[in-house]
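Next comes model.txt, with compact mmCIF, C-alpha atoms and all ligand atoms.
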# COMPACT_ATOMS: atom_id res chain seq x y z
CA MET A 1180 26.23 24.52 53.15
CA GLN A 1181 22.47 24.59 52.49
CA PHE A 1182 23.16 26.71 49.38
CA LEU A 1183 25.80 24.23 48.17
CA LEU A 1184 23.43 21.31 48.71
CA ASN A 1185 20.58 23.06 46.84
CA HIS A 1186 22.93 24.04 44.04
CA PHE A 1187 24.23 20.48 43.83
CA ASN A 1188 20.65 19.14 43.63
CA TYR A 1189 19.63 21.56 40.89
CA THR A 1190 22.77 20.88 38.89
CA THR A 1191 22.46 17.11 39.32
CA CYS A 1192 18.81 17.27 38.41
CA PHE A 1193 19.54 19.34 35.30
CA TYR A 1194 22.22 16.92 34.09
CA LEU A 1195 20.01 13.95 34.92
CA ILE A 1196 17.16 15.36 32.79
CA ILE A 1197 19.49 16.17 29.89
CA SER A 1198 21.06 12.72 29.99
CA LEU A 1199 17.61 11.11 30.22
CA ILE A 1200 16.41 12.97 27.09
CA TYR A 1201 19.62 11.95 25.33
CA HIS A 1202 19.14 8.35 26.43
CA ILE A 1203 15.50 8.18 25.21
CA ASN A 1204 16.49 9.55 21.84
CA ALA A 1205 19.51 7.34 21.49
CA THR A 1206 17.49 4.24 22.40
CA LEU A 1207 14.65 5.09 20.02
CA SER A 1208 16.82 5.76 17.08
CA ASN A 1209 19.33 3.08 18.01
CA LYS A 1210 21.93 5.45 16.79
CA SER A 1211 25.44 4.21 16.36
CA SER A 1212 28.05 6.54 17.75
CA GLN A 1213 29.54 7.13 14.29
CA GLN A 1214 27.48 9.58 12.25
CA THR A 1215 27.82 9.19 8.51
CA ASP A 1216 28.67 12.14 6.26
CA GLN A 1217 25.27 11.74 4.69
CA ASP A 1218 23.54 12.19 8.06
CA CYS A 1219 25.41 15.43 8.52
CA ALA A 1220 24.44 16.68 5.09
CA THR A 1221 20.75 16.13 5.67
CA GLU A 1222 20.44 16.95 9.37
CA LYS A 1223 19.02 20.41 9.42
CA ILE A 1224 18.32 20.36 13.14
CA ASN A 1225 20.52 18.74 15.75
CA LYS A 1226 18.29 15.89 16.80
CA TYR A 1227 19.24 16.18 20.44
CA SER A 1228 18.44 19.87 20.58
CA LYS A 1229 15.40 21.11 22.49
CA GLU A 1230 13.85 22.24 19.19
CA ALA A 1231 14.08 18.78 17.63
CA ASN A 1232 12.78 17.10 20.76
CA THR A 1233 9.66 19.22 21.09
CA LYS A 1234 8.93 19.33 17.36
CA TYR A 1235 9.25 15.62 16.70
CA ILE A 1236 8.30 14.07 20.04
CA LYS A 1237 4.77 13.35 18.75
CA TYR A 1238 6.17 11.19 15.95
CA LEU A 1239 8.61 9.43 18.26
CA ASN A 1240 5.75 8.65 20.63
CA LEU A 1241 3.64 7.26 17.79
CA ILE A 1242 6.52 5.05 16.72
CA GLN A 1243 7.07 3.86 20.25
CA ASP A 1244 3.34 3.02 20.66
CA ALA A 1245 3.23 1.23 17.31
CA ARG A 1246 6.27 -0.86 18.27
CA ARG A 1247 4.77 -1.71 21.63
CA ASN A 1248 1.49 -2.88 20.09
CA TYR A 1249 2.91 -4.65 17.04
CA LYS A 1250 2.41 -8.40 16.83
CA HIS A 1251 4.25 -10.37 14.17
CA CYS A 1252 1.97 -12.45 11.99
CA ASN A 1253 2.59 -16.01 10.95
CA THR A 1254 4.00 -15.84 7.43
CA ASN A 1255 2.95 -19.39 6.49
CA ARG A 1256 0.25 -19.97 3.88
CA CYS A 1257 -0.81 -16.32 3.44
CA ASN A 1258 -1.81 -16.27 7.07
CA CYS A 1259 -0.83 -12.62 7.56
CA HIS A 1260 -3.77 -11.65 5.35
CA ALA A 1261 -6.30 -14.09 6.85
CA PRO A 1262 -8.08 -11.49 9.04
CA VAL A 1263 -9.07 -9.60 5.88
CA MET A 1264 -11.09 -12.44 4.36
CA ALA A 1265 -12.67 -13.18 7.75
CA HIS A 1266 -13.67 -9.52 8.02
CA ASP A 1267 -15.09 -9.28 4.48
CA LEU A 1268 -17.11 -12.51 4.74
CA LYS A 1269 -18.39 -11.91 8.26
CA ILE A 1270 -21.55 -10.15 7.10
CA PHE A 1271 -22.64 -13.32 5.23
CA LYS A 1272 -21.84 -15.68 8.06
CA GLU A 1273 -25.11 -15.70 9.97
CA LYS A 1274 -27.55 -16.33 7.10
CA GLY A 1275 -25.24 -17.66 4.40
CA ILE A 1276 -25.43 -16.59 0.77
CA SER A 1277 -28.59 -17.34 -1.22
CA GLU A 1278 -29.03 -17.83 -4.96
CA LYS A 1279 -31.34 -14.79 -4.96
CA GLN A 1280 -28.56 -12.59 -3.54
CA VAL A 1281 -26.07 -13.66 -6.20
CA GLN A 1282 -28.71 -13.04 -8.91
CA ALA A 1283 -29.40 -9.60 -7.47
CA VAL A 1284 -25.79 -8.44 -7.83
CA LYS A 1285 -25.13 -10.05 -11.23
CA SER A 1286 -25.19 -6.67 -13.00
CA LYS A 1287 -22.42 -5.36 -10.68
CA GLY A 1288 -19.71 -7.41 -12.34
CA THR A 1289 -18.80 -10.52 -14.33
CA LYS A 1290 -20.39 -13.81 -13.31
CA TYR A 1291 -18.16 -16.86 -12.87
CA GLN A 1292 -19.03 -20.45 -12.07
CA ILE A 1293 -16.87 -23.34 -11.00
CA ILE A 1294 -18.56 -26.66 -11.67
CA ASN A 1295 -16.72 -29.97 -11.50
CA HIS A 1296 -13.36 -28.16 -11.49
CA LYS A 1297 -14.16 -26.30 -14.69
CA LEU A 1298 -14.29 -22.51 -14.95
CA TYR A 1299 -17.13 -20.67 -16.71
CA ARG A 1300 -17.68 -16.96 -17.25
CA ASP A 1301 -20.07 -14.46 -18.85
CA SER A 1302 -19.14 -14.39 -22.54
CA ASN A 1303 -18.35 -10.68 -22.26
CA CYS A 1304 -15.96 -9.16 -19.78
CA MET A 1305 -15.93 -5.37 -19.50
CA PHE A 1306 -12.09 -5.32 -19.35
CA PRO A 1307 -10.78 -8.48 -21.05
CA SER A 1308 -7.18 -8.12 -19.81
CA ARG A 1309 -8.43 -7.66 -16.23
CA CYS A 1310 -10.49 -10.85 -16.55
CA ALA A 1311 -7.41 -12.60 -17.91
CA GLY A 1312 -5.40 -11.37 -14.90
CA ILE A 1313 -8.05 -12.80 -12.58
CA GLU A 1314 -8.44 -16.07 -14.48
CA HIS A 1315 -4.72 -16.78 -14.32
CA PHE A 1316 -5.13 -17.42 -10.59
CA LEU A 1317 -8.53 -19.12 -10.83
CA LEU A 1318 -7.28 -21.65 -13.40
CA GLU A 1319 -4.26 -22.45 -11.25
CA ILE A 1320 -6.33 -23.35 -8.18
CA LEU A 1321 -9.29 -24.88 -10.02
CA PRO A 1322 -8.50 -28.52 -9.10
CA GLN A 1323 -8.74 -27.60 -5.41
CA LEU A 1324 -12.00 -25.66 -5.53
CA PRO A 1325 -15.55 -26.91 -4.86
CA ASP A 1326 -18.55 -25.93 -7.01
CA MET A 1327 -19.62 -22.32 -6.64
CA GLU A 1328 -20.68 -19.18 -8.47
CA PHE A 1329 -19.65 -15.60 -7.81
CA VAL A 1330 -19.66 -12.09 -9.25
CA VAL A 1331 -16.36 -10.27 -9.84
CA ASN A 1332 -16.31 -6.51 -10.28
CA THR A 1333 -13.51 -5.54 -12.69
CA ARG A 1334 -14.09 -1.79 -12.37
CA ASP A 1335 -11.87 0.25 -10.07
CA TRP A 1336 -14.74 1.33 -7.87
CA PRO A 1337 -16.46 -0.99 -5.32
CA GLN A 1338 -20.15 -1.74 -5.86
CA ILE A 1339 -21.93 -2.52 -2.57
CA PRO A 1340 -22.22 0.58 -0.36
CA LYS A 1341 -23.15 -0.20 3.24
CA LYS A 1342 -25.72 2.57 3.48
CA TYR A 1343 -27.80 2.23 0.30
CA GLY A 1344 -28.47 0.12 -2.80
CA ILE A 1345 -28.64 -3.65 -3.08
CA PHE A 1346 -26.84 -6.07 -0.81
CA GLY A 1347 -25.07 -9.22 -1.95
CA PRO A 1348 -21.62 -10.75 -2.49
CA VAL A 1349 -19.49 -8.87 -5.01
CA PHE A 1350 -15.72 -9.31 -5.27
CA SER A 1351 -13.78 -6.05 -5.81
CA PHE A 1352 -10.04 -5.38 -5.76
CA SER A 1353 -10.24 -2.30 -3.54
CA LYS A 1354 -12.71 -0.66 -1.19
CA THR A 1355 -13.09 1.63 1.79
CA ASP A 1356 -14.86 0.89 5.05
CA GLU A 1357 -18.04 2.30 3.51
CA TYR A 1358 -18.48 -0.81 1.34
CA ASN A 1359 -19.42 -4.45 1.84
CA ASP A 1360 -17.49 -5.72 -1.20
CA ILE A 1361 -15.24 -8.74 -0.71
CA MET A 1362 -11.63 -7.86 -1.57
CA TYR A 1363 -9.74 -10.11 -4.00
CA PRO A 1364 -6.13 -9.83 -5.24
CA ALA A 1365 -6.16 -7.41 -8.17
CA TRP A 1366 -5.79 -8.60 -11.77
CA ALA A 1367 -2.64 -6.47 -11.99
CA PHE A 1368 -0.64 -9.10 -10.07
CA TRP A 1369 -0.63 -10.90 -13.44
CA GLU A 1370 -1.92 -8.58 -16.20
CA GLY A 1371 -4.36 -5.79 -17.00
CA GLY A 1372 -2.56 -3.17 -14.87
CA PRO A 1373 -2.47 0.49 -15.92
CA ALA A 1374 -0.62 1.15 -19.17
CA ILE A 1375 1.90 3.99 -19.31
CA SER A 1376 4.46 4.71 -22.05
CA LEU A 1377 7.13 2.73 -20.15
CA TYR A 1378 4.78 -0.22 -19.72
CA PRO A 1379 2.55 0.04 -22.81
CA ARG A 1380 0.90 -3.32 -22.17
CA GLY A 1381 0.23 -2.57 -18.50
CA ILE A 1382 2.65 -2.38 -15.56
CA GLY A 1383 3.25 -6.11 -15.87
CA ARG A 1384 3.61 -9.23 -13.82
CA TRP A 1385 4.19 -8.86 -10.11
CA ASP A 1386 6.52 -11.86 -9.89
CA THR A 1387 8.89 -10.21 -12.40
CA HIS A 1388 8.77 -6.83 -10.67
CA ARG A 1389 9.17 -8.52 -7.28
CA GLN A 1390 12.38 -10.24 -8.32
CA LYS A 1391 13.89 -7.13 -9.94
CA LEU A 1392 12.89 -4.66 -7.23
CA GLY A 1393 13.73 -7.03 -4.39
CA LYS A 1394 17.23 -7.41 -5.81
CA LEU A 1395 17.61 -3.65 -6.16
CA GLY A 1396 16.25 -3.08 -2.68
CA ASN A 1397 19.06 -5.23 -1.35
CA SER A 1398 21.86 -4.04 -3.61
CA THR A 1399 21.33 -0.28 -3.22
CA LYS A 1400 22.64 0.75 0.17
CA TRP A 1401 20.50 3.11 2.24
CA GLU A 1402 23.44 5.49 2.56
CA ASP A 1403 23.85 5.61 -1.24
CA LYS A 1404 20.26 6.54 -2.01
CA ILE A 1405 19.49 10.12 -3.04
CA PRO A 1406 18.30 11.86 0.15
CA LYS A 1407 15.18 13.31 -1.44
CA VAL A 1408 11.47 12.56 -1.61
CA PHE A 1409 10.42 11.23 -5.02
CA PHE A 1410 7.06 10.79 -6.73
CA ARG A 1411 5.95 10.36 -10.33
CA GLY A 1412 2.37 9.74 -11.32
CA SER A 1413 -0.64 11.28 -12.95
CA ARG A 1414 -3.29 13.43 -11.29
CA THR A 1415 -5.79 10.63 -10.68
CA CYS A 1416 -6.60 12.24 -7.36
CA SER A 1417 -6.07 15.80 -6.10
CA GLU A 1418 -4.77 14.45 -2.76
CA ARG A 1419 -1.44 14.39 -4.61
CA ASP A 1420 -1.40 18.17 -5.17
CA PRO A 1421 0.21 19.37 -1.91
CA LEU A 1422 3.32 17.22 -2.51
CA ILE A 1423 3.62 18.47 -6.11
CA LEU A 1424 3.32 22.07 -4.91
CA LEU A 1425 5.86 21.49 -2.12
CA SER A 1426 8.25 20.12 -4.72
CA ARG A 1427 7.88 23.25 -6.83
CA GLU A 1428 8.67 25.41 -3.78
CA ASN A 1429 11.39 23.21 -2.35
CA PRO A 1430 13.04 21.13 -5.07
CA ASP A 1431 15.99 20.26 -2.80
CA LEU A 1432 13.65 18.42 -0.47
CA VAL A 1433 11.13 16.89 -2.89
CA ASP A 1434 11.08 15.87 -6.54
CA ALA A 1435 7.40 15.19 -7.24
CA GLN A 1436 5.88 15.78 -10.65
CA TYR A 1437 2.74 14.89 -12.53
CA THR A 1438 2.91 12.69 -15.62
CA LYS A 1439 0.26 12.35 -18.32
CA ASN A 1440 -2.41 9.69 -18.27
CA GLN A 1441 -4.92 8.76 -20.93
CA ALA A 1442 -7.32 11.47 -19.74
CA TRP A 1443 -4.69 14.25 -20.12
CA LYS A 1444 -5.93 17.11 -22.28
CA SER A 1445 -3.84 20.12 -21.31
CA GLU A 1446 -1.45 21.37 -18.63
CA VAL A 1447 -4.48 21.95 -16.40
CA ASP A 1448 -4.40 18.17 -15.87
CA THR A 1449 -0.81 18.35 -14.63
CA LEU A 1450 -1.54 21.27 -12.29
CA HIS A 1451 -0.43 23.97 -14.75
CA ALA A 1452 2.98 22.53 -15.55
CA PRO A 1453 4.28 20.50 -18.49
CA PRO A 1454 3.90 16.75 -17.92
CA ALA A 1455 7.03 15.03 -16.61
CA GLU A 1456 8.66 12.02 -18.21
CA GLU A 1457 7.60 8.74 -16.69
CA VAL A 1458 10.11 6.96 -14.45
CA SER A 1459 10.43 3.19 -14.04
CA PHE A 1460 9.86 1.48 -10.70
CA GLU A 1461 13.56 0.55 -10.68
CA LYS A 1462 14.61 4.19 -10.83
CA HIS A 1463 12.30 5.02 -7.93
CA CYS A 1464 14.57 2.81 -5.83
CA ASN A 1465 17.43 5.31 -6.20
CA TYR A 1466 15.60 7.63 -3.80
CA LYS A 1467 15.51 7.33 -0.03
CA TYR A 1468 11.93 8.54 0.40
CA LEU A 1469 8.94 7.60 -1.77
CA PHE A 1470 5.27 8.59 -1.66
CA ASN A 1471 2.19 6.46 -2.22
CA PHE A 1472 -1.23 7.98 -2.80
CA ARG A 1473 -4.62 6.54 -3.65
CA GLY A 1474 -5.69 7.00 -7.27
CA VAL A 1475 -9.28 6.36 -8.33
CA ALA A 1476 -9.24 3.56 -5.75
CA ALA A 1477 -6.03 2.09 -4.25
CA SER A 1478 -2.97 2.63 -6.47
CA PHE A 1479 -0.93 -0.40 -7.52
CA ARG A 1480 2.44 1.24 -6.76
CA PHE A 1481 2.38 0.70 -2.96
CA LYS A 1482 3.80 -2.84 -3.07
CA HIS A 1483 6.40 -1.97 -5.72
CA ILE A 1484 7.89 0.99 -3.89
CA LEU A 1485 7.96 -0.85 -0.56
CA LEU A 1486 10.30 -3.38 -2.19
CA CYS A 1487 12.84 -0.61 -2.94
CA LYS A 1488 13.77 -0.61 0.76
CA SER A 1489 13.18 3.13 0.69
CA LEU A 1490 11.03 4.85 3.31
CA VAL A 1491 7.45 4.95 2.07
CA PHE A 1492 5.07 7.73 3.07
CA HIS A 1493 1.55 6.37 2.58
CA VAL A 1494 -1.10 9.06 2.22
CA GLY A 1495 -4.63 8.33 3.49
CA ASN A 1496 -5.85 5.09 5.02
CA GLU A 1497 -9.28 4.74 3.45
CA TRP A 1498 -8.62 2.84 0.25
CA GLN A 1499 -7.49 -0.72 0.84
CA GLU A 1500 -6.29 -3.76 -1.07
CA PHE A 1501 -6.32 -7.18 0.54
CA PHE A 1502 -2.70 -6.95 1.72
CA TYR A 1503 -2.84 -3.42 3.19
CA PRO A 1504 -4.07 -4.35 6.70
CA ALA A 1505 -0.92 -6.46 7.30
CA LEU A 1506 1.13 -3.29 6.81
CA LYS A 1507 1.15 -1.20 9.96
CA PRO A 1508 1.63 2.57 10.21
CA TRP A 1509 4.95 3.64 11.80
CA ILE A 1510 6.21 0.04 11.56
CA HIS A 1511 6.20 -0.55 7.78
CA TYR A 1512 5.54 2.97 6.47
CA ILE A 1513 4.97 6.55 7.59
CA PRO A 1514 1.25 7.34 7.56
CA VAL A 1515 0.23 10.72 6.17
CA ASP A 1516 -3.14 12.36 6.64
CA ALA A 1517 -4.98 12.59 3.30
CA LYS A 1518 -5.67 16.25 4.03
CA ALA A 1519 -2.10 17.13 5.05
CA THR A 1520 -1.01 20.59 3.96
CA LYS A 1521 2.36 21.38 2.34
CA GLU A 1522 3.62 22.55 5.72
CA GLN A 1523 2.52 19.35 7.46
CA LEU A 1524 4.14 17.27 4.73
CA GLN A 1525 7.35 19.23 5.09
CA GLU A 1526 7.47 18.71 8.86
CA LEU A 1527 6.95 14.96 8.48
CA ILE A 1528 9.58 14.71 5.75
CA GLU A 1529 12.06 16.68 7.85
CA PHE A 1530 11.38 14.37 10.77
CA ALA A 1531 12.46 11.44 8.58
CA PHE A 1532 15.54 13.35 7.41
CA ASN A 1533 16.50 14.04 11.02
CA TYR A 1534 15.93 10.53 12.35
CA ASP A 1535 17.79 8.66 9.66
CA ASP A 1536 18.13 5.35 11.48
CA VAL A 1537 14.44 5.32 12.47
CA ALA A 1538 13.63 5.94 8.78
CA LYS A 1539 15.99 3.16 7.69
CA GLU A 1540 14.42 0.68 10.09
CA ILE A 1541 10.88 1.44 8.89
CA ALA A 1542 12.06 1.09 5.28
CA GLU A 1543 13.54 -2.33 6.07
CA ASN A 1544 10.37 -3.46 7.86
CA GLY A 1545 8.22 -2.42 4.89
CA TYR A 1546 10.45 -4.33 2.51
CA SER A 1547 10.40 -7.49 4.65
CA MET A 1548 6.62 -7.52 5.03
CA ILE A 1549 6.08 -7.38 1.25
CA TRP A 1550 8.99 -9.66 0.36
CA ASN A 1551 7.91 -12.37 2.83
CA ASN A 1552 4.14 -12.13 2.52
CA LEU A 1553 3.34 -11.04 -1.01
CA LYS A 1554 4.93 -13.73 -3.13
CA MET A 1555 2.90 -14.91 -6.12
CA LYS A 1556 2.28 -18.03 -4.02
CA ASP A 1557 0.64 -15.88 -1.33
CA VAL A 1558 -1.61 -14.26 -3.92
CA GLY A 1559 -2.78 -17.66 -5.21
CA CYS A 1560 -3.13 -18.84 -1.61
CA TYR A 1561 -5.36 -15.87 -0.77
CA TRP A 1562 -7.62 -16.55 -3.76
CA LYS A 1563 -7.88 -20.22 -2.79
CA LYS A 1564 -8.69 -19.69 0.88
CA LEU A 1565 -11.10 -16.87 0.06
CA LEU A 1566 -13.07 -18.87 -2.51
CA LYS A 1567 -13.18 -21.99 -0.33
CA LYS A 1568 -14.58 -19.97 2.56
CA TYR A 1569 -17.01 -18.20 0.22
CA ALA A 1570 -18.22 -21.51 -1.25
CA GLY A 1571 -18.81 -22.78 2.28
CA LEU A 1572 -21.27 -19.91 2.80
CA LEU A 1573 -23.45 -20.67 -0.26
CA ASN A 1574 -26.71 -22.16 0.98
CA TYR A 1575 -27.59 -23.71 -2.39
CA LYS A 1576 -25.85 -25.92 -4.91
CA PRO A 1577 -25.21 -23.95 -8.09
CA SER A 1578 -26.19 -25.65 -11.32
CA ARG A 1579 -24.46 -25.00 -14.60
CA ASP A 1580 -25.55 -21.69 -16.19
CA LYS A 1581 -25.61 -22.43 -19.93
CA THR A 1582 -25.26 -18.74 -20.85
CA LEU A 1583 -21.67 -18.81 -19.55
CA VAL A 1584 -18.66 -19.92 -21.63
CA GLU A 1585 -15.88 -22.20 -20.47
CA ILE A 1586 -12.52 -20.56 -19.78
CA THR A 1587 -9.40 -22.67 -20.28
CA ASN A 1588 -5.68 -21.98 -20.33
N1 LIG B 1601 3.96 4.83 -12.91
C1 LIG B 1601 5.31 4.62 -13.03
N2 LIG B 1601 6.11 5.66 -13.41
C2 LIG B 1601 5.62 6.89 -13.65
C3 LIG B 1601 4.23 7.11 -13.52
C4 LIG B 1601 3.43 6.06 -13.13
O1 LIG B 1601 5.80 3.53 -12.82
O2 LIG B 1601 6.41 7.78 -13.99
C5 LIG B 1601 3.09 3.71 -12.50
C6 LIG B 1601 2.50 3.94 -11.12
O3 LIG B 1601 3.34 3.49 -10.12
C7 LIG B 1601 1.19 3.20 -11.18
C8 LIG B 1601 0.80 3.31 -12.65
O4 LIG B 1601 1.98 3.64 -13.37
O5 LIG B 1601 1.35 1.85 -10.84
C9 LIG B 1601 -0.26 4.36 -12.90
O6 LIG B 1601 0.11 5.51 -12.18
P1 LIG B 1601 -0.79 6.81 -12.11
O7 LIG B 1601 -0.19 7.75 -11.15
O8 LIG B 1601 -1.03 7.32 -13.49
O9 LIG B 1601 -2.20 6.29 -11.60
P2 LIG B 1601 -2.61 5.54 -10.26
O10 LIG B 1601 -2.90 4.12 -10.70
O11 LIG B 1601 -1.53 5.61 -9.27
O12 LIG B 1601 -3.84 6.23 -9.82
What does the file become when written as structure tokens?
Amino acid sequence: MQFLLNHFNYTTCFYLIISLIYHINATLSNKSSQQTDQDCATEKINKYSKEANTKYIKYLNLIQDARRNYKHCNTNRCNCHAPVMAHDLKIFKEKGISEKQVQAVKSKGTKYQIINHKLYRDSNCMFPSRCAGIEHFLLEILPQLPDMEFVVNTRDWPQIPKKYGIFGPVFSFSKTDEYNDIMYPAWAFWEGGPAISLYPRGIGRWDTHRQKLGKLGNSTKWEDKIPKVFFRGSRTCSERDPLILLSRENPDLVDAQYTKNQAWKSEVDTLHAPPAEEVSFEKHCNYKYLFNFRGVAASFRFKHILLCKSLVFHVGNEWQEFFYPALKPWIHYIPVDAKATKEQLQELIEFAFNYDDVAKEIAENGYSMIWNNLKMKDVGCYWKKLLKKYAGLLNYKPSRDKTLVEITN
């Protein structure tokens, strides 16, 4: 009798544990009972097997934690991005911004003034199309802005390191935590983006891409996307190499190839392979899994590929643009360590292949965040709020600098 009771307990316990594991997995992935043919084709490991559970539990835990801690932001009036401007301006809050400080950083960028709702700028801009991309927004919001002057850096690289050099307010499109620059929405939302053969005059207006890609994101069903990782881009940063090498070893899993850029001289610049043809953003949307990497600073493709409603793997978390902090790892994209090896990339990719409905949900979240919070209106709204707050910190009244020229539509 004692034996029977013990045996019953062990057996019950065993089945209870198995059913608990099954239940946790089923709840996390919200799996419907019907598996699609596509799931079967890509599932290399049975996701309820012991192997899958131990191998991927760390990712499932990270997803669970991220979901638990996630707070929805208020999508009205670019509010989701408000913490970024508060963070960037905080360092000027106590003492305000003096005329001397603005003078000191003048050489770090292009000087602008707004006086009596008119816009003035240094007669020379280092990158005229980038200035034009910036001025599009400034001219739009001019009637609502108070008098002020500010310095805009149109280079890729931020200008005010925290640990050395001069200190003062400089607006830059991208930075890491090592810099005190104030982030502004990049020129490329309107014009001045990188030119490639497909987009010879720059990647083009964000509102046009947003409409086209948003439509595609909704019309291409998740199940119909090619179940492969896809990347096309030039070798602006070697952090891209492990994915390219993984693709060469495992072309069924990953199609990632280097394209030429203006600095291309030989196949050394495409990691000893012929340069690949460039591929439009629209065609990226045919693939289920897409990669984003930093370039010189942040790369402009992040927002475009999120609109495909494909699962985005975002490599590295150092280089930011103003809208990045609203996007949360494991909620809107899969974060990837910038130093991940080929093997680590492969494991993470296979996790996504095995947990198809988790991947689909993250892809949908990423799409929604960009679609709802990165309209052209939100970009203009960010510029407006940022400049109003900045102007409020100036502890002097700027007077018209006669060396500047007026900029009009
Ligand atoms: N790009 C593209 N198709 C390609 C290669 C690049 O649409 O086949 C886009 C890419 O998304 C980015 C820009 O062109 O917005 C420049 O890409 P690249 O990789 O050369 O440099 P990055 O700016 O990312 O450092």
_as a ChimeraX atom specification, please: the residues near stretch 1511-1517 of chain A (cut-off 8 Å, all atoms listed in the file, same-chain neighbours under 5 positions excluded)._
/A:1418,1490-1496,1506,1524,1541-1546,1548
Pull the closest atom pair for each residue of chain A that gets at most 6 Å from ligand LIG 1601 (chain B), along with the distance in Å to one decimal, counting only C-alpha atoms and all ligand atoms, ordering rows by chain and then ascending residue number, as JSON lines.
{"residue": "A:Pro1373", "atom": "CA", "partner": "B:LIG1601", "partner_atom": "C9", "distance": 5.4}
{"residue": "A:Ile1375", "atom": "CA", "partner": "B:LIG1601", "partner_atom": "O4", "distance": 6.0}
{"residue": "A:Arg1411", "atom": "CA", "partner": "B:LIG1601", "partner_atom": "O2", "distance": 4.5}
{"residue": "A:Gly1412", "atom": "CA", "partner": "B:LIG1601", "partner_atom": "O7", "distance": 3.2}
{"residue": "A:Ser1413", "atom": "CA", "partner": "B:LIG1601", "partner_atom": "O7", "distance": 4.0}
{"residue": "A:Thr1415", "atom": "CA", "partner": "B:LIG1601", "partner_atom": "O12", "distance": 4.9}
{"residue": "A:Asn1440", "atom": "CA", "partner": "B:LIG1601", "partner_atom": "O8", "distance": 5.5}
{"residue": "A:Glu1457", "atom": "CA", "partner": "B:LIG1601", "partner_atom": "O2", "distance": 3.1}
{"residue": "A:Val1458", "atom": "CA", "partner": "B:LIG1601", "partner_atom": "O2", "distance": 3.8}
{"residue": "A:Ser1459", "atom": "CA", "partner": "B:LIG1601", "partner_atom": "O1", "distance": 4.8}
{"residue": "A:Phe1460", "atom": "CA", "partner": "B:LIG1601", "partner_atom": "O1", "distance": 5.0}
{"residue": "A:Gly1474", "atom": "CA", "partner": "B:LIG1601", "partner_atom": "O12", "distance": 3.2}
{"residue": "A:Val1475", "atom": "CA", "partner": "B:LIG1601", "partner_atom": "O12", "distance": 5.6}
{"residue": "A:Ser1478", "atom": "CA", "partner": "B:LIG1601", "partner_atom": "O11", "distance": 4.3}
{"residue": "A:Phe1479", "atom": "CA", "partner": "B:LIG1601", "partner_atom": "O5", "distance": 4.6}
{"residue": "A:Arg1480", "atom": "CA", "partner": "B:LIG1601", "partner_atom": "O3", "distance": 4.1}
Residues at most 9 Å from A:Thr1289, counting only C-alpha atoms, excluding those fewer than 2 positions away in the same chain, as a PDB file with C-alpha atoms, in the frame of the given file?
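File produced: out38.pdb:
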ATOM      1  CA  LYS A1285     -25.130 -10.050 -11.230  1.00  0.00           C
ATOM      2  CA  SER A1286     -25.190  -6.670 -13.000  1.00  0.00           C
ATOM      3  CA  LYS A1287     -22.420  -5.360 -10.680  1.00  0.00           C
ATOM      4  CA  TYR A1291     -18.160 -16.860 -12.870  1.00  0.00           C
ATOM      5  CA  ARG A1300     -17.680 -16.960 -17.250  1.00  0.00           C
ATOM      6  CA  ASP A1301     -20.070 -14.460 -18.850  1.00  0.00           C
ATOM      7  CA  ASN A1303     -18.350 -10.680 -22.260  1.00  0.00           C
ATOM      8  CA  CYS A1304     -15.960  -9.160 -19.780  1.00  0.00           C
ATOM      9  CA  MET A1305     -15.930  -5.370 -19.500  1.00  0.00           C
ATOM     10  CA  CYS A1310     -10.490 -10.850 -16.550  1.00  0.00           C
ATOM     11  CA  PHE A1329     -19.650 -15.600  -7.810  1.00  0.00           C
ATOM     12  CA  VAL A1330     -19.660 -12.090  -9.250  1.00  0.00           C
ATOM     13  CA  VAL A1331     -16.360 -10.270  -9.840  1.00  0.00           C
ATOM     14  CA  ASN A1332     -16.310  -6.510 -10.280  1.00  0.00           C
ATOM     15  CA  THR A1333     -13.510  -5.540 -12.690  1.00  0.00           C
TER      16      THR A1333
END
*Counting all atoms listed in the file, which of A:His1483, A:Val1349, A:Asp1448, A:Leu1565 gets nearest to A:Thr1387?*
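Using all atoms listed in the file, A:Thr1387 sits closest to A:His1483.
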_When you count all atoms listed in the file, which of these residues is closest to A:Ile1586: A:Asn1471, A:His1315, A:Ala1245, A:Pro1364?_
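When distances to A:Ile1586 are compared using all atoms listed in the file, the smallest one comes from A:His1315.
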_A:Val1433, A:Leu1321, A:Leu1422, A:Val1281 ranked by distance to A:Ile1345, top pick (using all atoms listed in the file)_ = A:Val1281
*asked:* Using Å and a single decimal, report how far atom CA of A:Phe1368 sits from atom CA of A:Asn1551.
replied: 15.8 Å
*Go ahead and compute the interatomic distance for atom CA of A:Lys1407 and atom CA of A:Asp1434, in Å to one decimal.*
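Here the two named atoms are 7.0 Å from each other.
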*Could you tell me how far atom CA of A:Lys1567 lies from atom CA of A:Lys1354, in Å and to one decimal?*
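Between atom CA of A:Lys1567 and atom CA of A:Lys1354 the gap works out to 21.4 Å.
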*Write out as a list in words each polymer residue whose atoms come within 9 Å of A:Asn1255, counting only C-alpha atoms; drop sequence neighbours fewer than 4 positions from it.*
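Answer for this query is Cys1259, Asn1552 and Asp1557 of chain A.
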Identify, on the basis of all atoms listed in the file, every residue whose closest approach to A:Leu1450 does not exceed 9 Å; exclude the query and any residue fewer than 2 positions from it along the same chain; express the result as a short mmCIF file (atom, residue, chain, number, x, y, z; two decimals) with C-alpha atoms, in the coordinates of the input.
data_model
loop_
_atom_site.label_atom_id
_atom_site.label_comp_id
_atom_site.auth_asym_id
_atom_site.auth_seq_id
_atom_site.Cartn_x
_atom_site.Cartn_y
_atom_site.Cartn_z
CA ARG A 1414 -3.29 13.43 -11.29
CA ASP A 1420 -1.40 18.17 -5.17
CA ILE A 1423 3.62 18.47 -6.11
CA LEU A 1424 3.32 22.07 -4.91
CA TYR A 1437 2.74 14.89 -12.53
CA GLU A 1446 -1.45 21.37 -18.63
CA VAL A 1447 -4.48 21.95 -16.40
CA ASP A 1448 -4.40 18.17 -15.87
CA ALA A 1452 2.98 22.53 -15.55
CA PRO A 1453 4.28 20.50 -18.49
#
